[in-house]
$ cat upload23.cif   # mmCIF, C-alpha atoms and all ligand atoms
data_start
loop_
_atom_site.group_PDB
_atom_site.id
_atom_site.type_symbol
_atom_site.label_atom_id
_atom_site.label_comp_id
_atom_site.auth_asym_id
_atom_site.auth_seq_id
_atom_site.Cartn_x
_atom_site.Cartn_y
_atom_site.Cartn_z
ATOM 1 C CA MET J 1 32.899 13.635 2.908
ATOM 2 C CA PHE J 2 29.333 12.408 3.417
ATOM 3 C CA ASN J 3 28.957 8.880 4.761
ATOM 4 C CA ILE J 4 25.407 7.572 4.439
ATOM 5 C CA GLU J 5 25.987 5.198 7.357
ATOM 6 C CA SER J 6 26.190 8.192 9.690
ATOM 7 C CA ILE J 7 22.433 8.770 9.167
ATOM 8 C CA LEU J 8 21.145 5.205 8.706
ATOM 9 C CA GLN J 9 19.359 3.379 11.497
ATOM 10 C CA SER J 10 17.507 0.099 11.800
ATOM 11 C CA PRO J 11 13.813 0.474 10.846
ATOM 12 C CA LYS J 12 13.032 -2.266 13.390
ATOM 13 C CA ASP J 13 14.939 -1.570 16.616
ATOM 14 C CA LYS J 14 15.764 2.067 15.673
ATOM 15 C CA GLY J 15 19.383 1.473 16.676
ATOM 16 C CA PRO J 16 22.656 1.696 14.734
ATOM 17 C CA LEU J 17 23.528 -0.646 11.876
ATOM 18 C CA GLN J 18 26.659 -2.592 11.135
ATOM 19 C CA HIS J 19 27.829 -2.973 7.563
ATOM 20 C CA GLY J 20 28.695 -6.647 6.943
ATOM 21 C CA GLU J 21 29.216 -8.816 3.877
ATOM 22 C CA GLY J 22 26.416 -7.799 1.461
ATOM 23 C CA GLN J 23 24.108 -6.660 4.240
ATOM 24 C CA TYR J 24 23.413 -4.365 7.164
ATOM 25 C CA LYS J 25 22.726 -5.840 10.581
ATOM 26 C CA ASP J 26 21.190 -4.269 13.692
ATOM 27 C CA ALA J 27 21.877 -5.054 17.362
ATOM 28 C CA SER J 28 18.729 -7.237 17.551
ATOM 29 C CA GLY J 29 20.072 -9.522 14.807
ATOM 30 C CA ASN J 30 17.792 -8.283 11.977
ATOM 31 C CA THR J 31 19.528 -8.214 8.616
ATOM 32 C CA TYR J 32 18.942 -6.014 5.571
ATOM 33 C CA PRO J 33 20.434 -7.221 2.253
ATOM 34 C CA ILE J 34 22.360 -5.034 -0.172
ATOM 35 C CA THR J 35 21.634 -6.238 -3.718
ATOM 36 C CA HIS J 36 23.200 -4.607 -6.794
ATOM 37 C CA GLY J 37 24.189 -1.673 -4.582
ATOM 38 C CA VAL J 38 20.649 -1.130 -3.248
ATOM 39 C CA ALA J 39 20.215 -1.543 0.513
ATOM 40 C CA ASP J 40 16.821 -3.107 1.234
ATOM 41 C CA PHE J 41 15.041 -1.880 4.379
ATOM 42 C CA LEU J 42 11.510 -2.682 3.221
ATOM 43 C CA LEU J 43 9.680 -4.476 6.025
ATOM 44 C CA GLU J 44 6.666 -5.716 4.101
ATOM 45 C CA VAL J 45 5.962 -6.408 0.439
ATOM 46 C CA ASP J 46 2.219 -5.837 0.042
ATOM 47 C CA GLU J 47 -0.110 -5.376 -2.937
ATOM 48 C CA PHE J 48 0.845 -1.690 -3.150
ATOM 49 C CA VAL J 49 4.511 -2.582 -3.634
ATOM 50 C CA HIS J 50 3.511 -4.993 -6.399
ATOM 51 C CA ALA J 51 1.513 -2.159 -7.969
ATOM 52 C CA GLU J 52 4.673 -0.007 -8.035
ATOM 53 C CA ASP J 53 6.900 -2.703 -9.493
ATOM 54 C CA HIS J 54 4.231 -3.192 -12.141
ATOM 55 C CA LEU J 55 4.292 0.553 -12.831
ATOM 56 C CA GLY J 56 7.967 0.219 -13.780
ATOM 57 C CA GLU J 57 6.910 -2.153 -16.569
ATOM 58 C CA VAL J 58 3.974 -0.108 -17.869
ATOM 59 C CA MET J 59 5.982 3.116 -17.870
ATOM 60 C CA ASP J 60 8.085 1.611 -20.650
ATOM 61 C CA GLU J 61 5.036 1.350 -22.901
ATOM 62 C CA GLY J 62 5.319 4.984 -23.932
ATOM 63 C CA HIS J 63 3.017 8.004 -24.156
ATOM 64 C CA PRO J 64 2.221 10.380 -27.037
ATOM 65 C CA ASP J 65 4.934 12.988 -27.634
ATOM 66 C CA HIS J 66 2.908 15.948 -26.340
ATOM 67 C CA VAL J 67 2.270 14.090 -23.050
ATOM 68 C CA MET J 68 5.943 13.180 -22.629
ATOM 69 C CA GLN J 69 6.891 16.774 -23.358
ATOM 70 C CA GLN J 70 4.526 18.043 -20.643
ATOM 71 C CA TRP J 71 5.915 15.480 -18.176
ATOM 72 C CA ASN J 72 9.514 16.424 -18.965
ATOM 73 C CA GLU J 73 8.785 20.146 -18.721
ATOM 74 C CA SER J 74 6.944 19.563 -15.472
ATOM 75 C CA LYS J 75 9.926 17.699 -14.013
ATOM 76 C CA ASP J 76 12.328 20.421 -15.193
ATOM 77 C CA HIS J 77 10.040 23.093 -13.774
ATOM 78 C CA PHE J 78 9.949 21.439 -10.350
ATOM 79 C CA TRP J 79 13.695 20.880 -10.044
ATOM 80 C CA ASN J 80 14.583 24.300 -11.493
ATOM 81 C CA GLN J 81 12.320 25.924 -8.884
ATOM 82 C CA PHE J 82 14.008 23.881 -6.175
ATOM 83 C CA LEU J 83 17.504 24.865 -7.346
ATOM 84 C CA GLU J 84 16.516 28.518 -7.734
ATOM 85 C CA GLN J 85 15.022 28.730 -4.266
ATOM 86 C CA GLU J 86 17.711 26.724 -2.489
ATOM 87 C CA LYS J 87 20.974 28.359 -3.404
ATOM 88 C CA GLU J 88 23.041 27.146 -0.435
ATOM 89 C CA LEU J 89 22.990 23.432 -1.122
ATOM 90 C CA LYS J 90 26.661 22.642 -0.671
ATOM 91 C CA GLY J 91 27.109 19.886 1.932
ATOM 92 C CA LYS J 92 23.339 19.388 2.355
ATOM 93 C CA THR J 93 21.438 16.110 2.382
ATOM 94 C CA VAL J 94 18.395 15.735 0.108
ATOM 95 C CA LEU J 95 16.146 12.721 0.635
ATOM 96 C CA TYR J 96 14.188 12.041 -2.552
ATOM 97 C CA ILE J 97 11.380 9.691 -1.539
ATOM 98 C CA GLY J 98 9.545 7.901 -4.340
ATOM 99 C CA SER J 99 12.376 8.700 -6.755
ATOM 100 C CA GLY J 100 11.206 6.061 -9.244
ATOM 101 C CA LEU J 101 13.356 6.358 -12.349
ATOM 102 C CA ASP J 102 13.852 10.124 -12.028
ATOM 103 C CA GLU J 103 17.519 10.833 -12.726
ATOM 104 C CA ALA J 104 17.515 13.848 -10.420
ATOM 105 C CA PHE J 105 21.060 13.015 -9.320
ATOM 106 C CA MET J 106 22.266 14.395 -12.689
ATOM 107 C CA ARG J 107 20.937 17.828 -11.731
ATOM 108 C CA PHE J 108 23.135 17.919 -8.635
ATOM 109 C CA ALA J 109 26.322 16.777 -10.348
ATOM 110 C CA ASP J 110 28.302 19.964 -9.546
ATOM 111 C CA GLN J 111 26.514 20.968 -6.365
ATOM 112 C CA HIS J 112 28.238 18.784 -3.718
ATOM 113 C CA VAL J 113 24.850 17.650 -2.490
ATOM 114 C CA SER J 114 24.181 14.199 -1.019
ATOM 115 C CA LEU J 115 21.067 12.975 -2.814
ATOM 116 C CA ILE J 116 19.523 9.824 -1.356
ATOM 117 C CA ASN J 117 16.961 8.058 -3.530
ATOM 118 C CA VAL J 118 14.329 6.070 -1.640
ATOM 119 C CA ASP J 119 11.623 3.907 -3.197
ATOM 120 C CA VAL J 120 9.678 0.706 -2.566
ATOM 121 C CA ALA J 121 10.211 -0.545 -6.113
ATOM 122 C CA GLU J 122 13.315 -2.704 -6.256
ATOM 123 C CA LYS J 123 13.617 -2.807 -10.042
ATOM 124 C CA LEU J 124 13.381 0.965 -10.408
ATOM 125 C CA LEU J 125 16.104 1.519 -7.802
ATOM 126 C CA GLU J 126 18.375 -1.019 -9.436
ATOM 127 C CA GLN J 127 17.942 0.743 -12.779
ATOM 128 C CA LEU J 128 18.649 4.111 -11.163
ATOM 129 C CA LYS J 129 21.763 2.723 -9.526
ATOM 130 C CA GLU J 130 22.969 1.347 -12.857
ATOM 131 C CA LYS J 131 22.536 4.801 -14.380
ATOM 132 C CA GLY J 132 24.901 6.249 -11.792
ATOM 133 C CA ALA J 133 22.839 7.288 -8.734
ATOM 134 C CA GLU J 134 25.096 6.983 -5.687
ATOM 135 C CA HIS J 135 22.673 6.341 -2.831
ATOM 136 C CA CYS J 136 19.656 4.081 -3.459
ATOM 137 C CA ILE J 137 17.661 2.762 -0.526
ATOM 138 C CA ARG J 138 14.631 0.505 -0.681
ATOM 139 C CA ALA J 139 12.236 1.527 2.067
ATOM 140 C CA ASP J 140 8.657 2.536 2.703
ATOM 141 C CA ILE J 141 7.954 6.195 3.359
ATOM 142 C CA SER J 142 6.197 5.181 6.590
ATOM 143 C CA THR J 143 9.274 3.420 8.095
ATOM 144 C CA LEU J 144 12.329 5.300 6.936
ATOM 145 C CA PRO J 145 15.713 3.852 7.988
ATOM 146 C CA PHE J 146 17.119 7.256 8.961
ATOM 147 C CA VAL J 147 18.077 8.831 12.264
ATOM 148 C CA ASP J 148 15.809 11.560 13.738
ATOM 149 C CA GLY J 149 16.574 15.044 12.410
ATOM 150 C CA SER J 150 19.212 13.825 9.958
ATOM 151 C CA VAL J 151 18.313 15.341 6.574
ATOM 152 C CA ASP J 152 18.124 18.940 5.357
ATOM 153 C CA TYR J 153 15.525 18.441 2.632
ATOM 154 C CA ILE J 154 12.860 15.944 1.677
ATOM 155 C CA VAL J 155 11.571 15.933 -1.888
ATOM 156 C CA MET J 156 8.560 13.986 -3.133
ATOM 157 C CA ILE J 157 7.020 14.125 -6.586
ATOM 158 C CA ASP J 158 3.713 12.316 -7.093
ATOM 159 C CA LEU J 159 3.937 10.044 -4.083
ATOM 160 C CA LEU J 160 1.607 11.329 -1.372
ATOM 161 C CA HIS J 161 -1.515 10.875 -3.515
ATOM 162 C CA HIS J 162 -0.995 7.157 -2.845
ATOM 163 C CA PHE J 163 -2.208 7.973 0.644
ATOM 164 C CA ALA J 164 -5.341 9.784 -0.480
ATOM 165 C CA THR J 165 -7.404 6.696 0.319
ATOM 166 C CA ARG J 166 -5.577 5.867 3.577
ATOM 167 C CA SER J 167 -4.576 7.915 6.600
ATOM 168 C CA MET J 168 -1.627 10.133 5.806
ATOM 169 C CA ASP J 169 -0.836 11.087 9.416
ATOM 170 C CA PRO J 170 1.669 8.309 10.306
ATOM 171 C CA THR J 171 3.510 9.119 7.082
ATOM 172 C CA THR J 172 3.781 12.876 7.585
ATOM 173 C CA LYS J 173 4.907 12.242 11.179
ATOM 174 C CA GLU J 174 7.683 10.019 9.851
ATOM 175 C CA LEU J 175 8.749 12.681 7.331
ATOM 176 C CA VAL J 176 8.979 15.338 10.009
ATOM 177 C CA ARG J 177 10.905 12.939 12.270
ATOM 178 C CA VAL J 178 13.806 12.505 9.834
ATOM 179 C CA LEU J 179 13.908 16.181 8.836
ATOM 180 C CA LYS J 180 16.295 18.515 10.707
ATOM 181 C CA PRO J 181 14.570 21.296 12.679
ATOM 182 C CA GLY J 182 14.219 24.134 10.167
ATOM 183 C CA GLY J 183 14.612 21.611 7.302
ATOM 184 C CA LYS J 184 12.269 21.838 4.329
ATOM 185 C CA MET J 185 9.974 19.535 2.402
ATOM 186 C CA TYR J 186 9.183 20.072 -1.268
ATOM 187 C CA ILE J 187 6.071 18.113 -2.146
ATOM 188 C CA GLN J 188 4.605 17.985 -5.633
ATOM 189 C CA GLU J 189 1.258 16.278 -6.133
ATOM 190 C CA ILE J 190 -1.498 15.576 -8.618
ATOM 191 C CA ASN J 191 -4.147 18.198 -8.020
ATOM 192 C CA ARG J 192 -7.617 16.978 -7.151
ATOM 193 C CA PHE J 193 -8.938 20.257 -8.582
ATOM 194 C CA GLY J 194 -7.000 20.152 -11.881
ATOM 195 C CA LEU J 195 -8.993 21.977 -14.584
ATOM 196 C CA PHE J 196 -10.280 18.907 -16.426
ATOM 197 C CA ARG J 197 -10.939 17.019 -13.214
ATOM 198 C CA LEU J 198 -13.254 19.701 -11.844
ATOM 199 C CA PRO J 199 -16.472 17.961 -12.979
ATOM 200 C CA ILE J 200 -15.659 14.925 -10.810
ATOM 201 C CA ALA J 201 -13.415 16.532 -8.171
ATOM 202 C CA TRP J 202 -16.305 16.901 -5.760
ATOM 203 C CA ALA J 203 -17.407 13.264 -5.954
ATOM 204 C CA PRO J 204 -16.764 11.060 -2.913
ATOM 205 C CA LEU J 205 -13.767 8.736 -3.135
ATOM 206 C CA PHE J 206 -15.791 5.560 -3.659
ATOM 207 C CA ILE J 207 -17.319 7.059 -6.816
ATOM 208 C CA LEU J 208 -13.919 8.285 -8.031
ATOM 209 C CA ASN J 209 -12.525 4.801 -7.495
ATOM 210 C CA ARG J 210 -15.396 3.216 -9.386
ATOM 211 C CA LEU J 211 -14.738 5.622 -12.288
ATOM 212 C CA ARG J 212 -11.024 4.823 -12.157
ATOM 213 C CA GLY J 213 -11.888 1.124 -12.202
ATOM 214 C CA LEU J 214 -13.977 1.601 -15.369
ATOM 215 C CA LYS J 215 -11.200 3.607 -17.043
ATOM 216 C CA GLY J 216 -8.704 0.910 -16.046
ATOM 217 C CA LEU J 217 -10.716 -1.637 -18.050
ATOM 218 C CA TYR J 218 -9.536 -0.179 -21.341
ATOM 219 C CA LYS J 219 -6.379 1.693 -20.299
ATOM 220 C CA LYS J 220 -3.443 -0.666 -19.946
ATOM 221 C CA ASP J 221 -0.955 1.625 -18.201
ATOM 222 C CA TYR J 222 -2.995 1.974 -15.062
ATOM 223 C CA HIS J 223 -2.197 1.547 -11.413
ATOM 224 C CA ARG J 224 -3.951 -1.301 -9.659
ATOM 225 C CA PRO J 225 -5.734 -1.736 -7.353
ATOM 226 C CA GLU J 226 -7.733 1.285 -8.500
ATOM 227 C CA SER J 227 -8.406 2.357 -4.912
ATOM 228 C CA TYR J 228 -4.674 2.757 -4.417
ATOM 229 C CA GLU J 229 -4.349 6.407 -5.350
ATOM 230 C CA ALA J 230 -6.377 9.510 -6.057
ATOM 231 C CA PRO J 231 -5.579 13.118 -6.956
ATOM 232 C CA ILE J 232 -5.278 15.123 -3.777
ATOM 233 C CA SER J 233 -5.841 18.654 -2.509
ATOM 234 C CA THR J 234 -3.306 20.889 -0.774
ATOM 235 C CA THR J 235 -5.724 21.188 2.141
ATOM 236 C CA THR J 236 -5.565 17.449 2.898
ATOM 237 C CA VAL J 237 -1.772 17.399 2.840
ATOM 238 C CA LYS J 238 -1.357 20.642 4.806
ATOM 239 C CA ARG J 239 -3.771 19.461 7.499
ATOM 240 C CA SER J 240 -1.729 16.320 8.053
ATOM 241 C CA LEU J 241 1.613 18.144 7.917
ATOM 242 C CA ARG J 242 0.420 20.691 10.454
ATOM 243 C CA LYS J 243 -0.449 17.912 12.918
ATOM 244 C CA ALA J 244 3.089 16.583 12.418
ATOM 245 C CA ALA J 245 4.620 19.997 13.262
ATOM 246 C CA ALA J 246 5.443 21.411 9.881
ATOM 247 C CA ILE J 247 4.819 25.105 9.308
ATOM 248 C CA GLU J 248 5.144 28.009 6.837
ATOM 249 C CA PHE J 249 3.484 26.622 3.774
ATOM 250 C CA LYS J 250 3.897 28.074 0.350
ATOM 251 C CA THR J 251 1.778 26.558 -2.412
ATOM 252 C CA ILE J 252 2.389 26.917 -6.125
ATOM 253 C CA SER J 253 0.447 25.589 -9.110
ATOM 254 C CA THR J 254 2.494 24.321 -12.066
ATOM 255 C CA PRO J 255 2.168 25.513 -15.705
ATOM 256 C CA GLN J 256 2.189 22.094 -17.438
ATOM 257 C CA TYR J 257 -0.779 19.775 -17.976
ATOM 258 C CA PRO J 258 0.319 16.194 -18.798
ATOM 259 C CA GLU J 259 -1.982 13.208 -19.438
ATOM 260 C CA VAL J 260 -4.562 14.944 -21.656
ATOM 261 C CA ASN J 261 -5.083 14.780 -25.404
ATOM 262 C CA SER J 262 -3.809 17.574 -27.630
ATOM 263 C CA ILE J 263 -7.211 19.361 -27.791
ATOM 264 C CA PHE J 264 -7.442 19.592 -23.990
ATOM 265 C CA LEU J 265 -3.812 20.678 -23.865
ATOM 266 C CA PHE J 266 -4.606 23.463 -26.339
ATOM 267 C CA ILE J 267 -7.534 24.610 -24.151
ATOM 268 C CA TRP J 268 -5.293 24.480 -21.072
ATOM 269 C CA LYS J 269 -2.681 26.661 -22.765
ATOM 270 C CA LEU J 270 -5.385 29.206 -23.614
ATOM 271 C CA VAL J 271 -6.861 29.473 -20.123
ATOM 272 C CA ARG J 272 -3.921 28.802 -17.846
ATOM 273 C CA HIS J 273 -3.099 32.515 -17.547
ATOM 274 C CA VAL J 274 -6.449 33.310 -15.937
ATOM 275 C CA PRO J 275 -5.351 34.020 -12.323
ATOM 276 C CA PHE J 276 -7.871 31.659 -10.683
ATOM 277 C CA VAL J 277 -7.004 28.792 -13.046
ATOM 278 C CA GLN J 278 -3.299 29.456 -12.649
ATOM 279 C CA LYS J 279 -3.514 29.450 -8.867
ATOM 280 C CA TYR J 280 -5.867 26.527 -8.220
ATOM 281 C CA CYS J 281 -6.410 24.384 -11.305
ATOM 282 C CA GLY J 282 -3.022 23.145 -12.512
ATOM 283 C CA TYR J 283 -2.458 19.450 -13.146
ATOM 284 C CA HIS J 284 0.037 19.540 -10.277
ATOM 285 C CA TRP J 285 0.528 21.740 -7.263
ATOM 286 C CA TYR J 286 3.620 21.837 -5.148
ATOM 287 C CA LEU J 287 4.173 23.090 -1.654
ATOM 288 C CA VAL J 288 7.129 23.899 0.517
ATOM 289 C CA ALA J 289 6.800 23.147 4.233
ATOM 290 C CA THR J 290 9.330 23.785 6.976
ATOM 291 C CA ARG J 291 9.843 21.736 10.118
ATOM 292 C CA LYS J 292 9.406 23.744 13.319
ATOM 293 C CA SER J 293 12.715 24.470 15.039
HETATM 294 C C1 LIG J 301 4.335 8.308 -9.759
HETATM 295 S S1 LIG J 301 5.900 7.671 -9.333
HETATM 296 C C2 LIG J 301 6.898 9.145 -9.357
HETATM 297 C C3 LIG J 301 8.349 8.844 -9.585
HETATM 298 C C4 LIG J 301 9.268 10.057 -9.592
HETATM 299 N N1 LIG J 301 9.151 10.834 -8.402
HETATM 300 C C5 LIG J 301 9.005 10.914 -10.790
HETATM 301 O O1 LIG J 301 8.460 12.019 -10.628
HETATM 302 O O2 LIG J 301 9.355 10.510 -11.912
HETATM 303 C C6 LIG J 301 5.715 7.371 -7.585
HETATM 304 C C7 LIG J 301 6.903 6.650 -6.982
HETATM 305 O O3 LIG J 301 6.684 6.512 -5.575
HETATM 306 C C8 LIG J 301 7.073 5.207 -5.167
HETATM 307 N N2 LIG J 301 6.296 4.841 -3.972
HETATM 308 C C9 LIG J 301 4.988 4.518 -3.904
HETATM 309 N N3 LIG J 301 4.616 4.224 -2.660
HETATM 310 C C10 LIG J 301 5.724 4.384 -1.901
HETATM 311 C C11 LIG J 301 5.985 4.223 -0.508
HETATM 312 N N4 LIG J 301 5.022 3.833 0.329
HETATM 313 N N5 LIG J 301 7.235 4.475 -0.049
HETATM 314 C C12 LIG J 301 8.234 4.857 -0.911
HETATM 315 N N6 LIG J 301 8.042 5.021 -2.246
HETATM 316 C C13 LIG J 301 6.814 4.792 -2.737
HETATM 317 C C14 LIG J 301 6.752 4.338 -6.373
HETATM 318 O O4 LIG J 301 7.459 3.129 -6.392
HETATM 319 C C15 LIG J 301 7.099 5.255 -7.534
HETATM 320 O O5 LIG J 301 8.418 5.079 -7.962
#

$ encode --input "upload23.cif" --output "structure tokens" --more "lines below"
Ligand SMILES: C[S@@+](CC[C@H](N)C(=O)[O-])C[C@H]1O[C@@H](n2cnc3c(N)ncnc32)[C@H](O)[C@@H]1O
Amino acid sequence: MFNIESILQSPKDKGPLQHGEGQYKDASGNTYPITHGVADFLLEVDEFVHAEDHLGEVMDEGHPDHVMQQWNESKDHFWNQFLEQEKELKGKTVLYIGSGLDEAFMRFADQHVSLINVDVAEKLLEQLKEKGAEHCIRADISTLPFVDGSVDYIVMIDLLHHFATRSMDPTTKELVRVLKPGGKMYIQEINRFGLFRLPIAWAPLFILNRLRGLKGLYKKDYHRPESYEAPISTTTVKRSLRKAAAIEFKTISTPQYPEVNSIFLFIWKLVRHVPFVQKYCGYHWYLVATRKS
């Protein structure tokens, strides 16, 4: 029987935690509250965290049906690939960082997998917990409250692009730290070189941010500050992962193209079978990286 406390550690003194009345406590006296079943190990609430909590609100505002369909298919595609490739999941620990409101725990119902949802957004985690997710932890990807080498898999969908405008190295180092030697990371991201982004993909970040800022003026459901995130290339992520001692990359482009109008979606469906487009120009890419033994 999996006990999450066997892999938790204090994000401050890196030592063991004691479970007390409505909180965890470390040997240095730091306390971490447990509210509505969500243990809170977030050390700092900055403007990026506010941006994520805000995202929870704007996500409720709805998208056109064809966009929602592409998002849902994309999510199914990712998790089906994961389940197809990882057949021996019984007794394994999967850390889903940046889980948001993704009810991935439903997909593991009969698999005897310990799925741990981690996010900075308190409200999203509380909603996920209410829906039945067992393990929900509030923490930042850069200071994870887990023991070294304690999880078998790390999954992230659309999180690392939040580091496109900052250094990703401390984050990838932290990911590799909590992964068991030989453990795997499945990372899905928004592709900088997605087909309809190609005309601006080569622009420097400050121009991309300016363009995002302009788009944000009329588009309500937009992340702020605009410099917070940017579509990202596999090369950027692989470079950082390599420094952190991850190896054996496998990169795949995904067949869905969310967030475009129905005309662009029609064009995408026509050209997505062209090998170059299929390989490099999807809306998302995902990669699998393994931690060196
Ligand atoms: C675009 S959403 C994706 C949510 C979910 N993975 C999905 O595919 O539906 C990105 C998620 O990452 C979380 N996030 C952003 N920055 C984070 C950080 N530094 N540490 C942990 N989670 C973070 C956000 O709160 C948000 O829920």

$ residues_near_ligand --input "upload23.cif" --ligand "ligand LIG 301 (chain J)" --cutoff "10 Å" --atoms "only C-alpha atoms and all ligand atoms" --output "PyMOL selection string"
chain J and resi 42+48-56+59+71-72+74-75+78+96-104+117-125+137-144+155-163+171+188-190+223+228-229

$ atom_distance --input "upload23.cif" --atom1 "atom CA of Gln81 of chain J" --atom2 "atom CA of Arg166 of chain J"
29.6 Å

$ resolve_selection --input "upload23.cif" --expression "the PyMOL selection byres (((chain J and resi 265-270) around 12) and not hetatm)" --output "PDB file with C-alpha atoms, in the coordinates of the input"
ATOM      1  CA  HIS J  66       2.908  15.948 -26.340  1.00  0.00           C
ATOM      2  CA  VAL J  67       2.270  14.090 -23.050  1.00  0.00           C
ATOM      3  CA  GLN J  69       6.891  16.774 -23.358  1.00  0.00           C
ATOM      4  CA  GLN J  70       4.526  18.043 -20.643  1.00  0.00           C
ATOM      5  CA  GLY J 194      -7.000  20.152 -11.881  1.00  0.00           C
ATOM      6  CA  LEU J 195      -8.993  21.977 -14.584  1.00  0.00           C
ATOM      7  CA  PHE J 196     -10.280  18.907 -16.426  1.00  0.00           C
ATOM      8  CA  THR J 254       2.494  24.321 -12.066  1.00  0.00           C
ATOM      9  CA  PRO J 255       2.168  25.513 -15.705  1.00  0.00           C
ATOM     10  CA  GLN J 256       2.189  22.094 -17.438  1.00  0.00           C
ATOM     11  CA  TYR J 257      -0.779  19.775 -17.976  1.00  0.00           C
ATOM     12  CA  PRO J 258       0.319  16.194 -18.798  1.00  0.00           C
ATOM     13  CA  GLU J 259      -1.982  13.208 -19.438  1.00  0.00           C
ATOM     14  CA  VAL J 260      -4.562  14.944 -21.656  1.00  0.00           C
ATOM     15  CA  ASN J 261      -5.083  14.780 -25.404  1.00  0.00           C
ATOM     16  CA  SER J 262      -3.809  17.574 -27.630  1.00  0.00           C
ATOM     17  CA  ILE J 263      -7.211  19.361 -27.791  1.00  0.00           C
ATOM     18  CA  PHE J 264      -7.442  19.592 -23.990  1.00  0.00           C
ATOM     19  CA  VAL J 271      -6.861  29.473 -20.123  1.00  0.00           C
ATOM     20  CA  ARG J 272      -3.921  28.802 -17.846  1.00  0.00           C
ATOM     21  CA  HIS J 273      -3.099  32.515 -17.547  1.00  0.00           C
ATOM     22  CA  VAL J 274      -6.449  33.310 -15.937  1.00  0.00           C
ATOM     23  CA  VAL J 277      -7.004  28.792 -13.046  1.00  0.00           C
ATOM     24  CA  GLN J 278      -3.299  29.456 -12.649  1.00  0.00           C
ATOM     25  CA  CYS J 281      -6.410  24.384 -11.305  1.00  0.00           C
ATOM     26  CA  GLY J 282      -3.022  23.145 -12.512  1.00  0.00           C
ATOM     27  CA  TYR J 283      -2.458  19.450 -13.146  1.00  0.00           C
TER      28      TYR J 283
END

$ closest_residue --input "upload23.cif" --among "J:Gln23, J:Thr31, J:Asn3, J:Thr165" --to "Thr93 of chain J" --atoms "only C-alpha atoms"
J:Asn3

$ residues_around --input "upload23.cif" --residues "segment 105-108 of chain J" --least-positions-apart "4" --cutoff "12 Å" --atoms "only C-alpha atoms" --output "mmCIF file with C-alpha atoms, keeping the file's coordinate frame"
data_model
loop_
_atom_site.group_PDB
_atom_site.id
_atom_site.type_symbol
_atom_site.label_atom_id
_atom_site.label_comp_id
_atom_site.auth_asym_id
_atom_site.auth_seq_id
_atom_site.Cartn_x
_atom_site.Cartn_y
_atom_site.Cartn_z
ATOM 1 C CA LYS J 75 9.926 17.699 -14.013
ATOM 2 C CA ASP J 76 12.328 20.421 -15.193
ATOM 3 C CA PHE J 78 9.949 21.439 -10.350
ATOM 4 C CA TRP J 79 13.695 20.880 -10.044
ATOM 5 C CA ASN J 80 14.583 24.300 -11.493
ATOM 6 C CA PHE J 82 14.008 23.881 -6.175
ATOM 7 C CA LEU J 83 17.504 24.865 -7.346
ATOM 8 C CA LYS J 87 20.974 28.359 -3.404
ATOM 9 C CA LEU J 89 22.990 23.432 -1.122
ATOM 10 C CA LYS J 90 26.661 22.642 -0.671
ATOM 11 C CA GLY J 91 27.109 19.886 1.932
ATOM 12 C CA LYS J 92 23.339 19.388 2.355
ATOM 13 C CA THR J 93 21.438 16.110 2.382
ATOM 14 C CA VAL J 94 18.395 15.735 0.108
ATOM 15 C CA LEU J 95 16.146 12.721 0.635
ATOM 16 C CA TYR J 96 14.188 12.041 -2.552
ATOM 17 C CA SER J 99 12.376 8.700 -6.755
ATOM 18 C CA LEU J 101 13.356 6.358 -12.349
ATOM 19 C CA HIS J 112 28.238 18.784 -3.718
ATOM 20 C CA VAL J 113 24.850 17.650 -2.490
ATOM 21 C CA SER J 114 24.181 14.199 -1.019
ATOM 22 C CA LEU J 115 21.067 12.975 -2.814
ATOM 23 C CA ILE J 116 19.523 9.824 -1.356
ATOM 24 C CA ASN J 117 16.961 8.058 -3.530
ATOM 25 C CA LEU J 128 18.649 4.111 -11.163
ATOM 26 C CA LYS J 129 21.763 2.723 -9.526
ATOM 27 C CA LYS J 131 22.536 4.801 -14.380
ATOM 28 C CA GLY J 132 24.901 6.249 -11.792
ATOM 29 C CA ALA J 133 22.839 7.288 -8.734
ATOM 30 C CA GLU J 134 25.096 6.983 -5.687
ATOM 31 C CA HIS J 135 22.673 6.341 -2.831
ATOM 32 C CA CYS J 136 19.656 4.081 -3.459
#

$ closest_residue --input "upload23.cif" --among "J:Met1, J:Ala203, J:Ala27, J:Met168" --to "Arg239 of chain J" --atoms "all atoms listed in the file"
J:Met168

$ resolve_selection --input "upload23.cif" --expression "the PyMOL selection byres (((chain J and resi 185) around 10) and not hetatm)" --output "ChimeraX atom specification"
/J:94-96,152-156,175-176,179,182-184,186-188,246,249,287-291

$ closest_residue --input "upload23.cif" --among "J:Ala244, J:Lys14, J:Phe193, J:Gly22" --to "Phe276 of chain J" --atoms "all atoms listed in the file"
J:Phe193

$ closest_residue --input "upload23.cif" --among "J:Ile34, J:Val151, J:Ala230, J:Ile7" --to "Gly213 of chain J" --atoms "only C-alpha atoms"
J:Ala230

$ resolve_selection --input "upload23.cif" --expression "the PyMOL selection byres (((chain J and resi 12) around 9) and not hetatm)" --output "VMD selection string"
chain J and resid 9 to 11 13 to 15 26 28 30 43 143 145

$ decode --input "upload23.cif" --residues "segment 61-72 of chain J" --atoms "C-alpha atoms" --output "mmCIF file, in the first residue's frame"
data_model
loop_
_atom_site.group_PDB
_atom_site.id
_atom_site.type_symbol
_atom_site.label_atom_id
_atom_site.label_comp_id
_atom_site.auth_asym_id
_atom_site.auth_seq_id
_atom_site.Cartn_x
_atom_site.Cartn_y
_atom_site.Cartn_z
ATOM 1 C CA GLU J 61 -15.292 30.890 -20.134
ATOM 2 C CA GLY J 62 -15.428 28.229 -22.827
ATOM 3 C CA HIS J 63 -14.004 27.721 -26.317
ATOM 4 C CA PRO J 64 -15.682 26.900 -29.648
ATOM 5 C CA ASP J 65 -16.615 23.222 -30.000
ATOM 6 C CA HIS J 66 -13.960 22.404 -32.611
ATOM 7 C CA VAL J 67 -11.241 23.816 -30.309
ATOM 8 C CA MET J 68 -12.499 21.851 -27.300
ATOM 9 C CA GLN J 69 -12.632 18.722 -29.430
ATOM 10 C CA GLN J 70 -8.996 19.186 -30.498
ATOM 11 C CA TRP J 71 -7.961 19.769 -26.868
ATOM 12 C CA ASN J 72 -9.813 16.672 -25.667
#
